[in-house]
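A.B. asks: Supplied structure: final-v2.tsv, TSV, C-alpha atoms.
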```
chain	number	residue	atom	x	y	z
A	1	MET	CA	90.39	97.20	125.39
A	2	GLN	CA	93.17	94.75	124.63
A	3	ARG	CA	94.76	94.34	121.23
A	4	ILE	CA	96.38	91.53	119.29
A	5	PHE	CA	98.47	92.20	116.22
A	6	THR	CA	98.91	89.25	113.88
A	7	ASP	CA	100.78	88.58	110.70
A	8	PHE	CA	98.65	87.12	107.91
A	9	ASP	CA	100.79	84.53	106.12
A	10	GLY	CA	101.97	81.96	108.62
A	11	PRO	CA	99.65	82.49	111.58
A	12	ILE	CA	96.44	82.60	109.49
A	13	MET	CA	97.30	81.43	105.97
A	14	ASP	CA	99.19	78.32	104.94
A	15	VAL	CA	101.47	79.37	102.07
A	16	SER	CA	103.42	76.12	101.76
A	17	GLU	CA	101.56	74.86	98.68
A	18	ARG	CA	102.04	78.18	96.87
A	19	TYR	CA	105.77	78.08	97.52
A	20	TYR	CA	105.96	74.45	96.44
A	21	GLN	CA	104.08	75.09	93.19
A	22	VAL	CA	106.38	78.02	92.40
A	23	TYR	CA	109.42	75.85	93.16
A	24	GLN	CA	108.25	73.19	90.70
A	25	ASP	CA	107.31	75.67	87.98
A	26	CYS	CA	110.58	77.59	88.25
A	27	LEU	CA	112.53	74.34	88.06
A	28	SER	CA	110.77	73.39	84.84
A	29	GLN	CA	111.43	76.83	83.34
A	30	VAL	CA	115.14	76.67	84.10
A	31	GLN	CA	115.64	73.02	83.15
A	32	ASP	CA	117.53	72.28	79.93
A	33	VAL	CA	115.94	69.93	77.40
A	34	GLY	CA	116.57	66.38	78.56
A	35	GLN	CA	118.25	67.46	81.78
A	36	PRO	CA	117.45	65.08	84.66
A	37	LEU	CA	116.23	66.87	87.78
A	38	THR	CA	115.07	65.67	91.17
A	39	VAL	CA	111.91	67.41	92.31
A	40	LEU	CA	112.02	67.42	96.08
A	41	PRO	CA	108.97	66.10	97.94
A	42	LYS	CA	106.95	68.92	99.45
A	43	ALA	CA	107.88	67.98	103.00
A	44	ASP	CA	111.60	68.12	102.21
A	45	PHE	CA	111.26	71.37	100.26
A	46	TRP	CA	109.29	73.06	103.05
A	47	ARG	CA	111.76	71.88	105.68
A	48	LEU	CA	114.57	73.54	103.71
A	49	LYS	CA	112.56	76.74	103.27
A	50	ARG	CA	111.74	76.93	106.96
A	51	ALA	CA	115.42	76.45	107.79
A	52	GLN	CA	116.24	79.39	105.46
A	53	ILE	CA	118.38	77.30	103.12
A	54	PRO	CA	119.23	79.65	100.20
A	55	GLU	CA	117.12	79.33	97.07
A	56	ARG	CA	120.19	78.68	94.96
A	57	GLN	CA	121.13	75.75	97.18
A	58	ILE	CA	117.63	74.31	96.93
A	59	GLY	CA	118.01	74.52	93.17
A	60	GLN	CA	121.32	72.69	93.37
A	61	PHE	CA	119.79	69.99	95.56
A	62	SER	CA	117.27	69.55	92.75
A	63	GLY	CA	119.99	69.01	90.14
A	64	LEU	CA	120.55	72.50	88.70
A	65	TYR	CA	123.99	73.71	87.67
A	66	ASP	CA	125.43	76.80	89.37
A	67	ASP	CA	124.29	79.31	86.72
A	68	GLN	CA	120.88	77.67	86.51
A	69	ALA	CA	120.55	77.73	90.28
A	70	ARG	CA	121.26	81.46	90.41
A	71	TYR	CA	118.65	82.10	87.71
A	72	PHE	CA	116.21	79.80	89.51
A	73	ALA	CA	116.62	81.82	92.72
A	74	ARG	CA	115.91	85.11	90.93
A	75	LEU	CA	112.95	83.64	89.07
A	76	ARG	CA	111.49	82.22	92.27
A	77	ARG	CA	111.71	85.61	94.04
A	78	ASP	CA	110.05	87.35	91.09
A	79	THR	CA	107.28	84.77	90.84
A	80	VAL	CA	106.21	83.67	94.32
A	81	HIS	CA	103.82	86.57	94.95
A	82	ASN	CA	102.19	86.53	91.50
A	83	ALA	CA	98.41	86.43	91.55
A	84	GLN	CA	98.23	83.13	89.67
A	85	TYR	CA	99.89	81.36	92.61
A	86	LEU	CA	97.99	83.01	95.46
A	87	VAL	CA	95.06	80.67	94.78
A	88	TYR	CA	97.09	77.90	96.45
A	89	ASP	CA	96.99	79.63	99.85
A	90	GLN	CA	94.60	78.13	102.39
A	91	VAL	CA	93.47	79.09	105.89
A	92	LEU	CA	95.37	77.11	108.50
A	93	PRO	CA	93.41	74.67	110.67
A	94	GLY	CA	92.26	76.29	113.88
A	95	ALA	CA	92.95	79.86	112.73
A	96	ILE	CA	89.32	80.87	112.26
A	97	ALA	CA	88.32	79.31	115.57
A	98	ALA	CA	91.10	81.25	117.29
A	99	LEU	CA	90.03	84.55	115.72
A	100	GLU	CA	86.36	83.91	116.51
A	101	HIS	CA	87.24	83.21	120.13
A	102	LEU	CA	89.24	86.43	120.46
A	103	GLN	CA	86.51	88.43	118.79
A	104	ALA	CA	83.85	86.96	121.06
A	105	LEU	CA	85.92	87.95	124.08
A	106	GLY	CA	86.14	91.54	122.83
A	107	TYR	CA	89.77	91.66	121.77
A	108	GLU	CA	90.75	94.19	119.12
A	109	LEU	CA	92.30	92.41	116.12
A	110	VAL	CA	94.81	94.07	113.80
A	111	VAL	CA	96.57	92.43	110.85
A	112	ILE	CA	100.06	93.59	109.87
A	113	THR	CA	101.42	91.97	106.72
A	114	MET	CA	103.99	92.33	103.97
A	115	ARG	CA	101.28	91.53	101.43
A	116	ARG	CA	100.22	94.27	99.07
A	117	THR	CA	96.90	95.87	99.99
A	118	ALA	CA	95.03	94.44	97.00
A	119	THR	CA	96.16	90.87	97.61
A	120	LEU	CA	95.42	91.14	101.34
A	121	ASN	CA	91.90	92.41	100.73
A	122	GLN	CA	91.29	89.79	98.06
A	123	ALA	CA	92.36	86.99	100.41
A	124	LEU	CA	90.26	88.38	103.26
A	125	THR	CA	87.22	88.41	100.99
A	126	GLU	CA	87.79	85.00	99.42
A	127	HIS	CA	88.26	83.27	102.77
A	128	ASN	CA	85.57	85.18	104.70
A	129	LEU	CA	88.13	86.81	106.98
A	130	GLU	CA	87.02	90.42	106.53
A	131	ARG	CA	84.80	90.07	109.61
A	132	PHE	CA	87.84	89.89	111.86
A	133	PHE	CA	89.72	92.96	110.64
A	134	ALA	CA	88.03	96.31	110.11
A	135	PRO	CA	89.41	98.27	107.12
A	136	ASP	CA	91.26	100.65	109.45
A	137	HIS	CA	92.78	97.66	111.28
A	138	ARG	CA	94.61	96.32	108.21
A	139	TYR	CA	98.24	97.35	107.72
A	140	SER	CA	99.84	96.23	104.48
A	141	ILE	CA	102.19	97.44	101.73
A	142	PRO	CA	100.52	99.88	99.30
A	143	ASP	CA	100.13	98.43	95.82
A	144	ASP	CA	102.37	101.02	94.14
A	145	TYR	CA	104.94	101.34	96.95
A	146	LEU	CA	108.57	100.38	96.34
A	147	LYS	CA	109.23	98.58	99.58
A	148	GLU	CA	112.48	98.08	101.44
A	149	SER	CA	113.35	94.88	103.30
A	150	ASP	CA	110.78	93.21	105.55
A	151	MET	CA	113.05	93.96	108.51
A	152	VAL	CA	112.55	97.66	107.78
A	153	GLU	CA	108.94	97.63	106.66
A	154	LYS	CA	107.38	95.49	109.40
A	155	PRO	CA	108.56	97.70	112.30
A	156	ARG	CA	107.47	100.74	110.28
A	157	LEU	CA	103.97	99.33	109.76
A	158	MET	CA	103.66	98.47	113.43
A	159	GLY	CA	104.76	101.96	114.38
A	160	GLN	CA	102.14	103.39	112.05
A	161	ALA	CA	99.46	101.18	113.62
A	162	LEU	CA	100.44	102.21	117.13
A	163	THR	CA	100.25	105.87	116.09
A	164	ASP	CA	96.89	105.51	114.34
A	165	LEU	CA	95.06	103.36	116.88
A	166	HIS	CA	93.93	104.31	120.36
A	167	PRO	CA	95.96	103.23	123.40
A	168	THR	CA	95.09	99.85	124.89
A	169	GLN	CA	95.52	98.16	128.22
A	170	SER	CA	97.83	95.56	126.72
A	171	THR	CA	99.03	94.41	123.30
A	172	TRP	CA	100.54	91.21	121.90
A	173	MET	CA	101.88	90.21	118.50
A	174	VAL	CA	101.67	86.84	116.73
A	175	GLY	CA	104.11	86.19	113.88
A	176	ASP	CA	106.25	83.64	112.10
A	177	THR	CA	109.32	85.51	110.80
A	178	GLU	CA	112.31	87.43	112.02
A	179	ALA	CA	110.66	90.61	110.71
A	180	ASP	CA	107.73	90.02	113.05
A	181	MET	CA	110.15	89.60	115.95
A	182	ALA	CA	112.00	92.77	114.99
A	183	ALA	CA	108.77	94.76	114.84
A	184	ALA	CA	107.60	93.56	118.23
A	185	HIS	CA	110.99	94.13	119.86
A	186	ALA	CA	111.27	97.61	118.34
A	187	HIS	CA	108.02	98.63	120.00
A	188	ASP	CA	108.39	96.65	123.24
A	189	ILE	CA	105.47	94.35	122.48
A	190	PRO	CA	105.52	90.70	123.61
A	191	ILE	CA	105.33	88.25	120.71
A	192	VAL	CA	104.29	84.65	120.26
A	193	ALA	CA	106.20	83.04	117.41
A	194	VAL	CA	104.21	80.34	115.62
A	195	LEU	CA	105.67	77.26	113.95
A	196	SER	CA	102.90	77.08	111.32
A	197	GLY	CA	104.70	79.51	109.01
A	198	ILE	CA	107.87	79.86	106.99
A	199	ARG	CA	110.47	79.61	109.79
A	200	ASP	CA	111.38	76.64	111.95
A	201	ARG	CA	111.89	76.62	115.69
A	202	ASP	CA	115.65	77.20	115.54
A	203	ARG	CA	115.24	80.30	113.35
A	204	LEU	CA	112.48	81.69	115.52
A	205	THR	CA	114.08	81.09	118.89
A	206	ALA	CA	117.24	82.82	117.66
A	207	CYS	CA	115.10	85.99	117.42
A	208	ASN	CA	114.14	85.80	121.12
A	209	PRO	CA	110.35	85.67	120.97
A	210	THR	CA	108.42	85.95	124.21
A	211	TRP	CA	106.86	82.56	123.57
A	212	VAL	CA	106.79	79.87	120.87
A	213	ALA	CA	103.56	78.08	119.93
A	214	ASN	CA	102.63	75.57	117.27
A	215	ASP	CA	99.95	77.72	115.63
A	216	LEU	CA	97.56	80.62	116.12
A	217	PHE	CA	95.12	78.55	118.15
A	218	GLU	CA	97.84	77.64	120.64
A	219	ALA	CA	99.20	81.20	120.56
A	220	VAL	CA	95.79	82.51	121.61
A	221	LYS	CA	95.79	80.16	124.61
A	222	VAL	CA	99.19	81.54	125.62
A	223	ILE	CA	98.06	85.14	125.24
A	224	LEU	CA	94.81	84.67	127.14
A	225	ASP	CA	96.75	83.05	129.94
A	226	LYS	CA	99.20	85.95	130.13
A	227	MET	CA	96.85	88.87	129.50
A	228	PRO	CA	94.81	90.32	132.34
A	229	ALA	CA	91.09	89.63	132.09
A	230	ILE	CA	89.03	92.19	130.15
```
In structure tokens, write the structure found in this file.
C.D. replies:
Amino acid sequence: MQRIFTDFDGPIMDVSERYYQVYQDCLSQVQDVGQPLTVLPKADFWRLKRAQIPERQIGQFSGLYDDQARYFARLRRDTVHNAQYLVYDQVLPGAIAALEHLQALGYELVVITMRRTATLNQALTEHNLERFFAPDHRYSIPDDYLKESDMVEKPRLMGQALTDLHPTQSTWMVGDTEADMAAAHAHDIPIVAVLSGIRDRDRLTACNPTWVANDLFEAVKVILDKMPAI
């Protein structure tokens, strides 16, 4: 048996529209009456997010004053994972085909995500993704758990998965953030970083991934080429 760990948001789900809707709504909440603001086009906003430009600076680019920009950044962090915005998430093109191909070949699929358990399960159900990840192959943040930083939690979740699950002939990880890289490196697992998520190539390559691919579909091609045949 061979195993592939994957993050959820980024390799499988496109979260860009959710983040953009939250950006626009938080701007409108912070804006003073009559204050002129410049709402960035989605492409420009997402480019800044993927380059890890600070939220406060994005607010300033949009015309907020310093105090407003600081409040905007806090509001955005408190809002972006609210249930009302999760409806904007969509499955990335090619992701289902990639998962179906791996499943048909007999690969064991495990999802490791910073989503809360309830929101992960809801998304899996709504997008018909439950078929790829058995309940005991889903690693997420408990709903009532006070989590630490992603850089702490992601390696912890991967360690838990490696303890719970049976040994395999080989294992790979697919992810789109520095936390994914940290988790893979901490457990000596090769990782394909995908450019379909919330970090750009410069941010990902700085974390020394094993490989960089455009998306999950391309990542699967890389992994199948590198993995020994089942």
A.B. asks: Using all atoms listed in the file, which of A:Gln29, A:Ser149, A:Val22, A:Ser16 sits nearest Lys42 (chain A)?
C.D. replies: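 Counting all atoms listed in the file, the residue closest to Lys42 (chain A) is A:Ser16.
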A.B. asks: Assuming 3 Å of padding per side, give the centre and edge lengths of the axis-aligned box around every listed atom of region 70-75 of chain A, in Å to one decimal and as AutoDock Vina command-line options.
C.D. replies:
```
--center_x 117.1 --center_y 82.5 --center_z 90.2 --size_x 14.3 --size_y 11.3 --size_z 11.0
```
A.B. asks: Grab the CA of Glu17 (chain A) to CA of Trp46 (chain A) distance for me, in Å with one decimal place.
C.D. replies: 9.1 Å
A.B. asks: Got a sec: who's within 8 Å of region 150-156 of chain A, counting all atoms listed in the file, leaving out chain neighbours fewer than 6 positions off, as a PDB file with C-alpha atoms, in the frame of the given file?
C.D. replies:
```
ATOM      1  CA  ILE A 112     100.060  93.590 109.870  1.00  0.00           C
ATOM      2  CA  THR A 113     101.420  91.970 106.720  1.00  0.00           C
ATOM      3  CA  MET A 114     103.990  92.330 103.970  1.00  0.00           C
ATOM      4  CA  GLU A 178     112.310  87.430 112.020  1.00  0.00           C
ATOM      5  CA  ALA A 179     110.660  90.610 110.710  1.00  0.00           C
ATOM      6  CA  ASP A 180     107.730  90.020 113.050  1.00  0.00           C
ATOM      7  CA  ALA A 182     112.000  92.770 114.990  1.00  0.00           C
ATOM      8  CA  ALA A 183     108.770  94.760 114.840  1.00  0.00           C
ATOM      9  CA  ALA A 184     107.600  93.560 118.230  1.00  0.00           C
ATOM     10  CA  ALA A 186     111.270  97.610 118.340  1.00  0.00           C
ATOM     11  CA  HIS A 187     108.020  98.630 120.000  1.00  0.00           C
TER      12      HIS A 187
END
```
A.B. asks: Distance CA of Leu120 (chain A)-CA of Pro11 (chain A), one decimal place?
C.D. replies: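 Answer for the CA of Leu120 (chain A) to CA of Pro11 (chain A) separation: 14.1 Å.
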A.B. asks: Return the single residue from A:Glu55, A:Met158, A:Gln60, A:Ala213 that is closest to Gly197 (chain A), with distances computed using only C-alpha atoms.
C.D. replies: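 Counting only C-alpha atoms, the residue closest to Gly197 (chain A) is A:Ala213.
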A.B. asks: As an exercise, work out the distance from CA of Gly10 (chain A) to CA of Gln122 (chain A) in Å and give it to one decimal place.
C.D. replies: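 Separation of CA of Gly10 (chain A) and CA of Gln122 (chain A): 16.9 Å.
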A.B. asks: Do you know which residues are at most 10 Å from His81 (chain A) counting all atoms listed in the file, after dropping those on the same chain fewer than 2 positions away, and could you put them as a PyMOL selection string?
C.D. replies: chain A and resi 18-19+22+76-79+83-86+115-116+119
A.B. asks: As a compact mmCIF listing (two decimals), in the frame of the given file, could you write out region 85-112 of chain A once it has been completed with N, CA and C atoms?
C.D. replies:
```
# COMPACT_ATOMS: atom_id res chain seq x y z
N TYR A 85 99.49 82.34 91.60
CA TYR A 85 99.89 81.36 92.61
C TYR A 85 99.19 81.56 93.95
N LEU A 86 98.64 82.73 94.18
CA LEU A 86 97.99 83.01 95.46
C LEU A 86 96.78 82.12 95.70
N VAL A 87 96.23 81.55 94.64
CA VAL A 87 95.06 80.67 94.78
C VAL A 87 95.41 79.41 95.58
N TYR A 88 96.69 79.10 95.71
CA TYR A 88 97.09 77.90 96.45
C TYR A 88 97.08 78.11 97.96
N ASP A 89 97.01 79.35 98.42
CA ASP A 89 96.99 79.63 99.85
C ASP A 89 95.68 79.15 100.48
N GLN A 90 95.78 78.60 101.67
CA GLN A 90 94.60 78.13 102.39
C GLN A 90 94.67 78.56 103.85
N VAL A 91 93.51 78.74 104.47
CA VAL A 91 93.47 79.09 105.89
C VAL A 91 93.96 77.90 106.71
N LEU A 92 94.83 78.17 107.66
CA LEU A 92 95.37 77.11 108.50
C LEU A 92 94.31 76.55 109.44
N PRO A 93 94.37 75.26 109.72
CA PRO A 93 93.41 74.67 110.67
C PRO A 93 93.48 75.37 112.02
N GLY A 94 92.33 75.67 112.57
CA GLY A 94 92.26 76.29 113.88
C GLY A 94 92.35 77.80 113.89
N ALA A 95 92.76 78.41 112.76
CA ALA A 95 92.95 79.86 112.73
C ALA A 95 91.63 80.61 112.89
N ILE A 96 90.61 80.19 112.17
CA ILE A 96 89.32 80.87 112.26
C ILE A 96 88.73 80.71 113.65
N ALA A 97 88.83 79.52 114.22
CA ALA A 97 88.32 79.31 115.57
C ALA A 97 89.03 80.21 116.57
N ALA A 98 90.33 80.39 116.39
CA ALA A 98 91.10 81.25 117.29
C ALA A 98 90.65 82.70 117.17
N LEU A 99 90.46 83.17 115.94
CA LEU A 99 90.03 84.55 115.72
C LEU A 99 88.60 84.77 116.23
N GLU A 100 87.74 83.79 116.01
CA GLU A 100 86.36 83.91 116.51
C GLU A 100 86.34 83.99 118.04
N HIS A 101 87.19 83.20 118.67
CA HIS A 101 87.24 83.21 120.13
C HIS A 101 87.70 84.56 120.65
N LEU A 102 88.76 85.11 120.04
CA LEU A 102 89.24 86.43 120.46
C LEU A 102 88.19 87.50 120.24
N GLN A 103 87.53 87.44 119.10
CA GLN A 103 86.51 88.43 118.79
C GLN A 103 85.34 88.35 119.77
N ALA A 104 84.95 87.14 120.11
CA ALA A 104 83.85 86.96 121.06
C ALA A 104 84.19 87.50 122.44
N LEU A 105 85.47 87.45 122.79
CA LEU A 105 85.92 87.95 124.08
C LEU A 105 86.13 89.47 124.08
N GLY A 106 86.02 90.10 122.91
CA GLY A 106 86.14 91.54 122.83
C GLY A 106 87.53 92.07 122.54
N TYR A 107 88.42 91.20 122.10
CA TYR A 107 89.77 91.66 121.77
C TYR A 107 89.77 92.41 120.44
N GLU A 108 90.59 93.43 120.35
CA GLU A 108 90.75 94.19 119.12
C GLU A 108 91.79 93.48 118.25
N LEU A 109 91.43 93.16 117.02
CA LEU A 109 92.30 92.41 116.12
C LEU A 109 92.84 93.33 115.03
N VAL A 110 94.15 93.26 114.81
CA VAL A 110 94.81 94.07 113.80
C VAL A 110 95.76 93.17 113.00
N VAL A 111 95.67 93.21 111.69
CA VAL A 111 96.57 92.43 110.85
C VAL A 111 97.66 93.34 110.30
N ILE A 112 98.90 92.87 110.40
CA ILE A 112 100.06 93.59 109.87
C ILE A 112 100.82 92.62 108.97
```
